Amino acid sequence: MDSGIKAVIFDLGNTLIYFDGAWPEVMQAADRELLQHLRNRGFDLDQDAFTSRFRAQLNAYYAERDSEFIEHTTAYVLRNVLSDFGFPDLDDQTLLPALESLYAVSQAHWQVETDTKPILKALHESGYRLGVISNAADDQDVQTLVDKAGVRPYLDFVLSSAACGIRKPNPRIFQIGLDNWSFNANQVAMVGDTLGADILGAQHAGLYSIWITRRAEAPGNRDHADTIQPDASISTLAELPGLLLAR
């Protein structure tokens with residue numbers, strides 16, 4: 001490995017994996033599965049009241065986290081909503097299986113990109129150190145998706161904002177990743193699809209920022225197109241090894 005880049009951090013969603021469903025329908029189905037799971041375990045919950053409150057609270061926290069870059073987990077939201085319905089002080093042994101039922105619905109719609117495993121395998125065999133940092137409201141969901149994609153053998157770490165409590169572009173979450181290695185920040189590249197999180201965060205942390213554009217058509221990226229410029233752009237992961245060697 002002759003490159004000045006010694007390690008690569010990847011985003012997860014729309015970088016290594018992609019979503020093949022329609023989010024509104026998938027979320028509705030997930031909420032129904034969550035409610036059914038809770039009812040099966042003795043929670044007397046009105047369907048409309050519970051699902052509307054849960055989704056409203058979750059959406060409110062989603063909006064807040066995008067402005068403050070602090071992660072409010074789905075477990076936190078679910079615990080608060082159930083407390084409002086008269087079920088306070090629930091432990092993780094109750095909440096975690098409920099969350100698994102919720103996320104199993106969306107997990108079925110996340111598919112691995114065809115070039116993900118070959119490229120990560122090739123980079124790993126070439127001596128690059130690899131990791132993942134993902135903005136997500138549930139750490140176990142991220143870990144499950146990584147295992148489903150079959151890429152954990154190539155990774156030194158898988159960090160989620162849910163586990164860290166902070167979100168990209170906060171440079172602290174990148175530093176947590178860097179702490180797994182002995183490299184300087186300028187020896188590490190970040191590959192992601194989101195300008196305002198992956199690229200801006202990488203630049204603030206001193207990493208070499210690489211924007212992958214094949215699934216980057218989103219309002220947030222359009223809003224930042226004139227103000228956040230990546231160090232490099234690729235359309236597929238297959239372009240990454242050559243780019244890294246050119247550094």
# chains A, B, ... in the order shown; residues from 1 in each chain; ligands from 1
>>> residues_around(residues="A:Asp46", least_positions_apart="3", cutoff="12 Å", atoms="only C-alpha atoms", output="ChimeraX atom specification")
/A:32,35-36,38-39,43,49-54,82,85
>>> residues_around(residues="A:Asp89", least_positions_apart="3", cutoff="10 Å", atoms="only C-alpha atoms", output="PyMOL selection string")
chain A and resi 79-80+82-83+86+92
>>> write_last_selection(atoms="N, CA and C atoms", output="short mmCIF file (atom, residue, chain, number, x, y, z; two decimals), in the first residue's frame")
data_model
loop_
_atom_site.label_atom_id
_atom_site.label_comp_id
_atom_site.auth_asym_id
_atom_site.auth_seq_id
_atom_site.Cartn_x
_atom_site.Cartn_y
_atom_site.Cartn_z
N ARG A 79 -39.63 4.36 25.37
CA ARG A 79 -39.78 4.33 26.83
C ARG A 79 -40.66 5.49 27.30
N ASN A 80 -40.43 6.69 26.75
CA ASN A 80 -41.21 7.86 27.15
C ASN A 80 -42.68 7.73 26.75
N LEU A 82 -44.41 4.92 26.17
CA LEU A 82 -45.07 3.91 27.00
C LEU A 82 -45.32 4.42 28.42
N SER A 83 -44.41 5.25 28.92
CA SER A 83 -44.64 5.86 30.23
C SER A 83 -45.87 6.75 30.20
N GLY A 86 -49.00 4.89 30.71
CA GLY A 86 -49.19 4.21 31.98
C GLY A 86 -48.28 3.02 32.23
N ASP A 92 -34.62 -2.76 29.80
CA ASP A 92 -34.16 -3.08 28.46
C ASP A 92 -34.65 -4.45 28.00
#
>>> residues_around(residues="A:Val151", least_positions_apart="4", cutoff="12 Å", atoms="only C-alpha atoms", output="list in words")
Phe10, Leu12, Leu16, Ile17, Val112, Glu113, Asp115, Thr116, Lys117, Pro118, Ile119, Leu120, Lys121, Ala122, Leu123, His124, Leu130, Gly131, Val132, Gln143, Thr144, Leu145, Val146, Asp147, Leu155, Asp156, Phe157 and Val158 of chain A
>>> closest_residue(among="A:Asn221, A:Gln229, A:Thr194, A:Ser161", to="A:Ile173", atoms="only C-alpha atoms")
A:Ser161
>>> residues_around(residues="A:Arg172", least_positions_apart="6", cutoff="12 Å", atoms="only C-alpha atoms", output="VMD selection string")
chain A and resid 69 to 70 133 159 161 164 to 166 178 to 179 201 to 202 204 to 206
>>> write_last_selection(atoms="N, CA and C atoms", output="PDB file, in the first residue's frame")
ATOM      1  N   PHE A  69     -27.356  17.737  16.399  1.00  0.00           N
ATOM      2  CA  PHE A  69     -26.364  16.672  16.200  1.00  0.00           C
ATOM      3  C   PHE A  69     -26.175  15.821  17.455  1.00  0.00           C
ATOM      4  N   ILE A  70     -27.249  15.725  18.246  1.00  0.00           N
ATOM      5  CA  ILE A  70     -27.277  14.833  19.403  1.00  0.00           C
ATOM      6  C   ILE A  70     -28.305  13.746  19.108  1.00  0.00           C
ATOM      7  N   ILE A 133     -19.065   4.413  10.358  1.00  0.00           N
ATOM      8  CA  ILE A 133     -19.752   5.342  11.261  1.00  0.00           C
ATOM      9  C   ILE A 133     -21.094   5.679  10.637  1.00  0.00           C
ATOM     10  N   LEU A 159     -19.481   2.024  14.416  1.00  0.00           N
ATOM     11  CA  LEU A 159     -19.992   3.018  15.359  1.00  0.00           C
ATOM     12  C   LEU A 159     -21.325   3.565  14.868  1.00  0.00           C
ATOM     13  N   SER A 161     -24.395   6.579  15.831  1.00  0.00           N
ATOM     14  CA  SER A 161     -24.665   7.766  16.651  1.00  0.00           C
ATOM     15  C   SER A 161     -25.512   7.396  17.859  1.00  0.00           C
ATOM     16  N   CYS A 164     -23.041   6.346  20.446  1.00  0.00           N
ATOM     17  CA  CYS A 164     -22.129   7.427  20.856  1.00  0.00           C
ATOM     18  C   CYS A 164     -22.864   8.621  21.456  1.00  0.00           C
ATOM     19  N   GLY A 165     -24.135   8.791  21.118  1.00  0.00           N
ATOM     20  CA  GLY A 165     -24.903   9.923  21.613  1.00  0.00           C
ATOM     21  C   GLY A 165     -24.723  11.196  20.822  1.00  0.00           C
ATOM     22  N   ILE A 166     -23.893  11.160  19.781  1.00  0.00           N
ATOM     23  CA  ILE A 166     -23.655  12.328  18.929  1.00  0.00           C
ATOM     24  C   ILE A 166     -23.689  11.890  17.478  1.00  0.00           C
ATOM     25  N   LEU A 178     -11.362   7.308  15.009  1.00  0.00           N
ATOM     26  CA  LEU A 178      -9.906   7.412  14.842  1.00  0.00           C
ATOM     27  C   LEU A 178      -9.155   6.826  16.034  1.00  0.00           C
ATOM     28  N   ASP A 179      -9.766   6.889  17.211  1.00  0.00           N
ATOM     29  CA  ASP A 179      -9.113   6.366  18.410  1.00  0.00           C
ATOM     30  C   ASP A 179      -8.869   4.856  18.335  1.00  0.00           C
ATOM     31  N   GLY A 201     -18.570  16.693   8.142  1.00  0.00           N
ATOM     32  CA  GLY A 201     -18.000  16.136   9.364  1.00  0.00           C
ATOM     33  C   GLY A 201     -16.575  15.668   9.173  1.00  0.00           C
ATOM     34  N   ALA A 202     -16.319  14.985   8.054  1.00  0.00           N
ATOM     35  CA  ALA A 202     -14.966  14.523   7.764  1.00  0.00           C
ATOM     36  C   ALA A 202     -13.996  15.692   7.656  1.00  0.00           C
ATOM     37  N   HIS A 204     -14.263  18.694   8.998  1.00  0.00           N
ATOM     38  CA  HIS A 204     -14.047  19.298  10.313  1.00  0.00           C
ATOM     39  C   HIS A 204     -13.117  18.457  11.185  1.00  0.00           C
ATOM     40  N   ALA A 205     -13.127  17.141  10.929  1.00  0.00           N
ATOM     41  CA  ALA A 205     -12.265  16.245  11.706  1.00  0.00           C
ATOM     42  C   ALA A 205     -10.885  16.067  11.084  1.00  0.00           C
ATOM     43  N   GLY A 206     -10.654  16.673   9.910  1.00  0.00           N
ATOM     44  CA  GLY A 206      -9.360  16.596   9.267  1.00  0.00           C
ATOM     45  C   GLY A 206      -9.164  15.394   8.363  1.00  0.00           C
TER      46      GLY A 206
END
>>> residues_around(residues="A:Glu33", least_positions_apart="5", cutoff="10 Å", atoms="only C-alpha atoms", output="list in words")
Met27, Gln28, Leu38, Arg39, Ala98, Leu99, Glu100, Ser101, Leu102, Tyr103, Ala104 and Val105 of chain A
>>> write_last_selection(atoms="N, CA and C atoms", output="tab-separated table (two decimals), in the first residue's frame")
chain	number	residue	atom	x	y	z
A	27	MET	N	-42.70	2.24	7.33
A	27	MET	CA	-42.84	2.72	8.70
A	27	MET	C	-44.20	2.35	9.29
A	28	GLN	N	-45.25	2.43	8.49
A	28	GLN	CA	-46.57	2.03	8.98
A	28	GLN	C	-46.58	0.55	9.35
A	38	LEU	N	-46.09	-5.57	21.45
A	38	LEU	CA	-46.40	-5.07	22.80
A	38	LEU	C	-47.72	-5.65	23.31
A	39	ARG	N	-48.72	-5.72	22.46
A	39	ARG	CA	-50.01	-6.29	22.87
A	39	ARG	C	-49.85	-7.75	23.26
A	98	ALA	N	-38.97	-5.51	21.66
A	98	ALA	CA	-39.96	-4.69	20.97
A	98	ALA	C	-39.32	-3.92	19.82
A	99	LEU	N	-38.13	-3.38	20.08
A	99	LEU	CA	-37.42	-2.65	19.03
A	99	LEU	C	-36.97	-3.58	17.90
A	100	GLU	N	-36.60	-4.80	18.26
A	100	GLU	CA	-36.23	-5.77	17.23
A	100	GLU	C	-37.40	-6.04	16.29
A	101	SER	N	-38.61	-6.13	16.85
A	101	SER	CA	-39.79	-6.35	16.00
A	101	SER	C	-40.05	-5.14	15.10
A	102	LEU	N	-39.81	-3.96	15.62
A	102	LEU	CA	-39.97	-2.74	14.82
A	102	LEU	C	-39.00	-2.70	13.65
A	103	TYR	N	-37.71	-2.92	13.95
A	103	TYR	CA	-36.69	-2.75	12.93
A	103	TYR	C	-36.59	-3.92	11.97
A	104	ALA	N	-37.12	-5.08	12.34
A	104	ALA	CA	-37.08	-6.21	11.42
A	104	ALA	C	-37.80	-5.89	10.12
A	105	VAL	N	-38.80	-5.03	10.17
A	105	VAL	CA	-39.56	-4.69	8.97
A	105	VAL	C	-38.69	-3.90	7.99
>>> closest_residue(among="A:Gln57, A:Gln140, A:Ser134, A:Ser233", to="A:Phe174", atoms="only C-alpha atoms")
A:Ser134
>>> residues_around(residues="A:Tyr18", least_positions_apart="4", cutoff="6 Å", atoms="only C-alpha atoms", output="MDAnalysis selection string")
chainID A and resid 13:14 110:111
>>> residues_around(residues="A:Gly21", least_positions_apart="5", cutoff="10 Å", atoms="only C-alpha atoms", output="PyMOL selection string")
chain A and resi 26+106+108-110
